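Trainee: Before anything else, here's the structure in question.
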Amino acid sequence: MRNQKSTAYRVFALVMVILLAILFTFPLYWIITGSFKTGKEINATTPVWWPSEWTMKNYEKLMSKFKVPLWEFALPFGQYFTEDGTAPVISAGPTVPAAIRWLLNTVWMAVASMLLTCLTAALAGYALAKKRFVGRTLVFTLIVCAMALPKQVILIPLIREMSALKLYNTASAVVYPIVGWPFGVFLMKQFAESIPGEILEAARIDGAGELKTFNTIVYPMIKPGVGALAIFTFISSWNDYFMQLIMLSSTKNLTISLGIANMQAENSTDFGLIMAGAAFAAVPIIIVFVIFQKYFTKGITMGAVKG
């Protein structure tokens, strides 16, 4: 009797998981298939679940919108070293459709934010967890309080700061505010708390410096947390539409989210073009999640066990 109940429960759980998976993946399926549909099928009164005629016209229109240099990078704080006060811009590559440039901008901002945030959060979390210094509790309390502040509260000071540093309308204006993410420091501190102090003390006795101790002992032990934080940061930076909208203005510096929003405003009835842009923007997120999935799952599981 007990085995029958267990089997029935497993079957019910499996059915529910399949239904939830279908529910959550259906929008992605609809966007991807819709990007290959004709305008007639997209606007049909009766939903067309599978394209009867696959077309690339939506992607052709997406790639024909604007033409900009493939890559341009403004040197941070470079305006202080030029006579006219403008930052030197390094351009590379041929002229490409704006959608490709927008995607590269977004990938660059997300990857830079992810790497810098993981580095600073891991170091800060380790210091707060295992180092004893004056003001340690106060610093951690301020970090926890900062987690409760919405971005809208610090928006005006942040804009004035970026403008004073002459970083407004550059990728740096989007990346730098994310680097000191309080949640990242908090997460890394919780992982670093589990590191036995005896191991660190043994490393010091053996003559290992702080950098070697962190690289050989601390980082391998908090690596699952770093992987989870990498996914959180990448997705947060990728989807940070509000900050991108405030800090970026010129067409060539837009991210893929802003570019799609602009296309939607200009082509409000061309749903095929909008779906093509949305599908084009979803691919990198899926790739990153697949690559870091094991770290994400392990990091979440470890955090749940530590409670």
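Quick note on naming: the chains in the structure tokens go A, B, ... in the order shown, residues restart at 1 in each chain, and ligands are numbered from 1 in order of appearance.
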Could you write out, as number ranges by chain, all the residues of stretch 15-260 of chain A that DSSP marks as strand (DSSP E)?
Mentor: A: 67-74, 89-97
Trainee: Hey, could you make a per-residue contact list for stretch 132-231 of chain A against stretch 241-249 of chain A with 10 Å as the cut-off, showing the nearest pair of atoms and its distance in Å to one decimal, counting only C-alpha atoms, sorted by chain and number, as a tab-separated table?
Mentor:
```
residue	atom	partner	partner_atom	distance
A:Lys151	CA	A:Met243	CA	8.3
A:Gln152	CA	A:Phe242	CA	9.2
A:Leu155	CA	A:Met243	CA	8.7
A:Leu158	CA	A:Met247	CA	9.6
A:Ile159	CA	A:Met247	CA	7.5
A:Met162	CA	A:Met247	CA	8.6
A:Ser163	CA	A:Met247	CA	9.6
A:Leu167	CA	A:Met247	CA	9.0
A:Tyr168	CA	A:Met247	CA	6.0
A:Asn169	CA	A:Leu248	CA	4.4
A:Thr170	CA	A:Leu248	CA	6.6
A:Ala171	CA	A:Leu248	CA	7.9
A:Ser172	CA	A:Met247	CA	9.4
A:Ala173	CA	A:Met247	CA	6.2
A:Val174	CA	A:Gln244	CA	6.3
A:Val175	CA	A:Gln244	CA	9.7
A:Pro177	CA	A:Met243	CA	9.3
A:Ile178	CA	A:Met243	CA	9.8
```
Trainee: From the list A:Phe24, A:Trp102, A:Trp49, A:Tyr219, which residue is nearest A:Ile260 when using only C-alpha atoms?
Mentor: A:Trp102
Trainee: Please identify all polymer residues within 12 Å of A:Val139, counting only C-alpha atoms, omitting same-chain residues fewer than 6 positions from it, and present them as a PyMOL selection string.
Mentor: chain A and resi 124-125+127-129+132-133+145-146+182+185-186
Trainee: Between A:Ile274, A:Val283, A:Cys118, A:Ile156, which one has atoms that come closest to A:Ala228, using only C-alpha atoms?
Mentor: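 Closest residue, counting only C-alpha atoms: A:Cys118.
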Trainee: Could you list, as a PyMOL selection string, every residue within 10 Å of A:Met221, counting only C-alpha atoms and ignoring same-chain residues fewer than 6 positions away?
Mentor: chain A and resi 191-192+194-195+214-215
Trainee: Rounded to one decimal in Å, what is the spacing between atom CA of A:Ala279 and atom CA of A:Ile32?
Mentor: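 Pair atom CA of A:Ala279 / atom CA of A:Ile32 returns 5.5 Å.
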Trainee: Out of A:Ala261, A:Ile143, A:Ile31, A:Ile231, which residue has the shortest atom-to-atom distance to A:Trp50 when counting only C-alpha atoms?
Mentor: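 Of all the options, A:Ile31 lies closest to A:Trp50.
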Trainee: How would you write, as a PDB file with C-alpha atoms, in the first residue's frame, the set of residues in stretch 85-245 of chain A that DSSP gives as helix (DSSP H, G or I)?
Mentor:
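Printed below is out_4.pdb as written:
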```
ATOM      1  CA  ALA A  98      22.871  47.794 -35.288  1.00  0.00           C
ATOM      2  CA  ALA A  99      21.334  44.622 -33.796  1.00  0.00           C
ATOM      3  CA  ILE A 100      24.740  42.911 -33.789  1.00  0.00           C
ATOM      4  CA  ARG A 101      26.347  45.954 -32.194  1.00  0.00           C
ATOM      5  CA  TRP A 102      23.579  46.096 -29.576  1.00  0.00           C
ATOM      6  CA  LEU A 103      24.119  42.425 -28.773  1.00  0.00           C
ATOM      7  CA  LEU A 104      27.876  42.916 -28.431  1.00  0.00           C
ATOM      8  CA  ASN A 105      27.295  45.928 -26.181  1.00  0.00           C
ATOM      9  CA  THR A 106      25.002  43.888 -23.952  1.00  0.00           C
ATOM     10  CA  VAL A 107      27.363  40.901 -23.815  1.00  0.00           C
ATOM     11  CA  TRP A 108      30.295  43.176 -22.982  1.00  0.00           C
ATOM     12  CA  MET A 109      28.417  44.946 -20.186  1.00  0.00           C
ATOM     13  CA  ALA A 110      27.045  41.699 -18.737  1.00  0.00           C
ATOM     14  CA  VAL A 111      30.391  39.854 -18.860  1.00  0.00           C
ATOM     15  CA  ALA A 112      32.338  42.794 -17.418  1.00  0.00           C
ATOM     16  CA  SER A 113      29.770  43.208 -14.633  1.00  0.00           C
ATOM     17  CA  MET A 114      29.827  39.483 -13.911  1.00  0.00           C
ATOM     18  CA  LEU A 115      33.625  39.197 -13.685  1.00  0.00           C
ATOM     19  CA  LEU A 116      34.144  42.355 -11.633  1.00  0.00           C
ATOM     20  CA  THR A 117      31.254  41.605  -9.293  1.00  0.00           C
ATOM     21  CA  CYS A 118      32.375  38.024  -8.655  1.00  0.00           C
ATOM     22  CA  LEU A 119      35.935  39.201  -7.961  1.00  0.00           C
ATOM     23  CA  THR A 120      35.052  42.029  -5.587  1.00  0.00           C
ATOM     24  CA  ALA A 121      32.239  40.118  -3.865  1.00  0.00           C
ATOM     25  CA  ALA A 122      34.427  37.045  -3.266  1.00  0.00           C
ATOM     26  CA  LEU A 123      37.235  39.134  -1.778  1.00  0.00           C
ATOM     27  CA  ALA A 124      34.880  41.275   0.327  1.00  0.00           C
ATOM     28  CA  GLY A 125      32.834  38.286   1.493  1.00  0.00           C
ATOM     29  CA  TYR A 126      35.969  36.414   2.540  1.00  0.00           C
ATOM     30  CA  ALA A 127      37.304  39.450   4.433  1.00  0.00           C
ATOM     31  CA  LEU A 128      34.012  40.018   6.258  1.00  0.00           C
ATOM     32  CA  ALA A 129      33.687  36.346   7.153  1.00  0.00           C
ATOM     33  CA  LYS A 130      37.219  35.461   8.224  1.00  0.00           C
ATOM     34  CA  ARG A 136      33.555  44.899  10.515  1.00  0.00           C
ATOM     35  CA  THR A 137      30.056  44.586  11.934  1.00  0.00           C
ATOM     36  CA  LEU A 138      29.155  48.132  10.886  1.00  0.00           C
ATOM     37  CA  VAL A 139      30.342  47.536   7.322  1.00  0.00           C
ATOM     38  CA  PHE A 140      28.301  44.343   7.032  1.00  0.00           C
ATOM     39  CA  THR A 141      25.250  46.085   8.507  1.00  0.00           C
ATOM     40  CA  LEU A 142      25.521  48.857   5.926  1.00  0.00           C
ATOM     41  CA  ILE A 143      25.791  46.277   3.151  1.00  0.00           C
ATOM     42  CA  VAL A 144      22.656  44.509   4.369  1.00  0.00           C
ATOM     43  CA  CYS A 145      20.816  47.847   4.595  1.00  0.00           C
ATOM     44  CA  ALA A 146      21.947  48.736   1.066  1.00  0.00           C
ATOM     45  CA  LEU A 155      19.385  57.370  -9.266  1.00  0.00           C
ATOM     46  CA  ILE A 156      19.999  61.131  -9.148  1.00  0.00           C
ATOM     47  CA  PRO A 157      23.291  60.928  -7.183  1.00  0.00           C
ATOM     48  CA  LEU A 158      24.420  58.150  -9.508  1.00  0.00           C
ATOM     49  CA  ILE A 159      23.674  60.171 -12.650  1.00  0.00           C
ATOM     50  CA  ARG A 160      25.486  63.207 -11.231  1.00  0.00           C
ATOM     51  CA  GLU A 161      28.453  61.021 -10.314  1.00  0.00           C
ATOM     52  CA  MET A 162      28.673  59.456 -13.790  1.00  0.00           C
ATOM     53  CA  SER A 163      28.309  62.875 -15.401  1.00  0.00           C
ATOM     54  CA  ALA A 164      31.041  64.359 -13.198  1.00  0.00           C
ATOM     55  CA  ALA A 171      29.267  51.145 -21.037  1.00  0.00           C
ATOM     56  CA  SER A 172      31.177  52.060 -17.881  1.00  0.00           C
ATOM     57  CA  ALA A 173      28.155  53.983 -16.569  1.00  0.00           C
ATOM     58  CA  VAL A 174      26.163  50.736 -16.617  1.00  0.00           C
ATOM     59  CA  VAL A 175      28.934  48.419 -15.399  1.00  0.00           C
ATOM     60  CA  TYR A 176      30.443  50.320 -12.461  1.00  0.00           C
ATOM     61  CA  PRO A 177      27.232  50.704 -10.375  1.00  0.00           C
ATOM     62  CA  ILE A 178      26.696  46.927 -10.522  1.00  0.00           C
ATOM     63  CA  VAL A 179      30.202  45.995  -9.364  1.00  0.00           C
ATOM     64  CA  PRO A 182      25.478  44.244  -1.878  1.00  0.00           C
ATOM     65  CA  PHE A 183      23.714  40.947  -2.514  1.00  0.00           C
ATOM     66  CA  GLY A 184      26.916  39.512  -4.015  1.00  0.00           C
ATOM     67  CA  VAL A 185      28.951  40.442  -0.945  1.00  0.00           C
ATOM     68  CA  PHE A 186      26.263  39.021   1.346  1.00  0.00           C
ATOM     69  CA  LEU A 187      26.121  35.747  -0.621  1.00  0.00           C
ATOM     70  CA  MET A 188      29.884  35.293  -0.684  1.00  0.00           C
ATOM     71  CA  LYS A 189      30.147  36.018   3.051  1.00  0.00           C
ATOM     72  CA  GLN A 190      27.668  33.238   3.773  1.00  0.00           C
ATOM     73  CA  PHE A 191      29.726  30.776   1.745  1.00  0.00           C
ATOM     74  CA  ALA A 192      33.019  31.929   3.261  1.00  0.00           C
ATOM     75  CA  GLY A 197      39.541  28.472  10.346  1.00  0.00           C
ATOM     76  CA  GLU A 198      42.023  25.681  11.030  1.00  0.00           C
ATOM     77  CA  ILE A 199      42.728  25.315   7.307  1.00  0.00           C
ATOM     78  CA  LEU A 200      43.467  29.021   6.951  1.00  0.00           C
ATOM     79  CA  GLU A 201      45.682  28.955  10.031  1.00  0.00           C
ATOM     80  CA  ALA A 202      47.604  25.981   8.665  1.00  0.00           C
ATOM     81  CA  ALA A 203      48.171  27.862   5.398  1.00  0.00           C
ATOM     82  CA  ARG A 204      49.592  30.835   7.306  1.00  0.00           C
ATOM     83  CA  ILE A 205      51.910  28.546   9.283  1.00  0.00           C
ATOM     84  CA  GLU A 210      46.870  36.217   1.573  1.00  0.00           C
ATOM     85  CA  LEU A 211      46.702  35.979  -2.219  1.00  0.00           C
ATOM     86  CA  LYS A 212      47.943  32.389  -2.307  1.00  0.00           C
ATOM     87  CA  THR A 213      45.594  31.419   0.520  1.00  0.00           C
ATOM     88  CA  PHE A 214      42.648  32.890  -1.332  1.00  0.00           C
ATOM     89  CA  ASN A 215      43.545  31.278  -4.673  1.00  0.00           C
ATOM     90  CA  THR A 216      44.398  27.801  -3.394  1.00  0.00           C
ATOM     91  CA  ILE A 217      42.066  27.381  -0.410  1.00  0.00           C
ATOM     92  CA  VAL A 218      39.274  29.942  -0.248  1.00  0.00           C
ATOM     93  CA  TYR A 219      38.251  30.169  -3.899  1.00  0.00           C
ATOM     94  CA  PRO A 220      37.911  26.375  -4.501  1.00  0.00           C
ATOM     95  CA  MET A 221      35.666  26.127  -1.442  1.00  0.00           C
ATOM     96  CA  ILE A 222      33.370  29.005  -2.445  1.00  0.00           C
ATOM     97  CA  LYS A 223      33.424  28.185  -6.170  1.00  0.00           C
ATOM     98  CA  PRO A 224      29.782  26.952  -6.254  1.00  0.00           C
ATOM     99  CA  GLY A 225      28.682  30.249  -4.745  1.00  0.00           C
ATOM    100  CA  VAL A 226      30.749  32.185  -7.269  1.00  0.00           C
ATOM    101  CA  GLY A 227      29.084  30.214 -10.075  1.00  0.00           C
ATOM    102  CA  ALA A 228      25.620  31.014  -8.733  1.00  0.00           C
ATOM    103  CA  LEU A 229      26.565  34.673  -8.299  1.00  0.00           C
ATOM    104  CA  ALA A 230      27.913  34.739 -11.870  1.00  0.00           C
ATOM    105  CA  ILE A 231      24.528  33.678 -13.222  1.00  0.00           C
ATOM    106  CA  PHE A 232      22.651  36.124 -10.985  1.00  0.00           C
ATOM    107  CA  THR A 233      24.919  39.001 -12.009  1.00  0.00           C
ATOM    108  CA  PHE A 234      24.902  38.195 -15.721  1.00  0.00           C
ATOM    109  CA  ILE A 235      21.123  37.960 -15.864  1.00  0.00           C
ATOM    110  CA  SER A 236      20.680  41.029 -13.661  1.00  0.00           C
ATOM    111  CA  SER A 237      22.994  43.086 -15.873  1.00  0.00           C
ATOM    112  CA  TRP A 238      21.451  41.740 -19.064  1.00  0.00           C
ATOM    113  CA  TYR A 241      16.570  47.837 -18.601  1.00  0.00           C
ATOM    114  CA  PHE A 242      16.007  50.719 -16.197  1.00  0.00           C
ATOM    115  CA  MET A 243      19.688  51.538 -15.679  1.00  0.00           C
ATOM    116  CA  GLN A 244      20.459  51.060 -19.365  1.00  0.00           C
ATOM    117  CA  LEU A 245      17.619  53.405 -20.309  1.00  0.00           C
TER     118      LEU A 245
END
```
Trainee: Point out the residue among A:Ala208, A:Ala278, A:Ala148, A:Met63 with the least atom-to-atom distance to A:Tyr29, counting only C-alpha atoms.
Mentor: A:Ala278
Trainee: Rounded to one decimal place, report the atom CA of A:Pro284-atom CA of A:Glu53 distance in Å.
Mentor: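 Separating atom CA of A:Pro284 from atom CA of A:Glu53 is a distance of 26.5 Å.
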Trainee: Could you tell me which of A:Ala282, A:Ile291, A:Glu41, A:Ser250 comes closest to A:Pro27 if we count only C-alpha atoms?
Mentor: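 For A:Pro27, the nearest of the given residues is A:Ala282.
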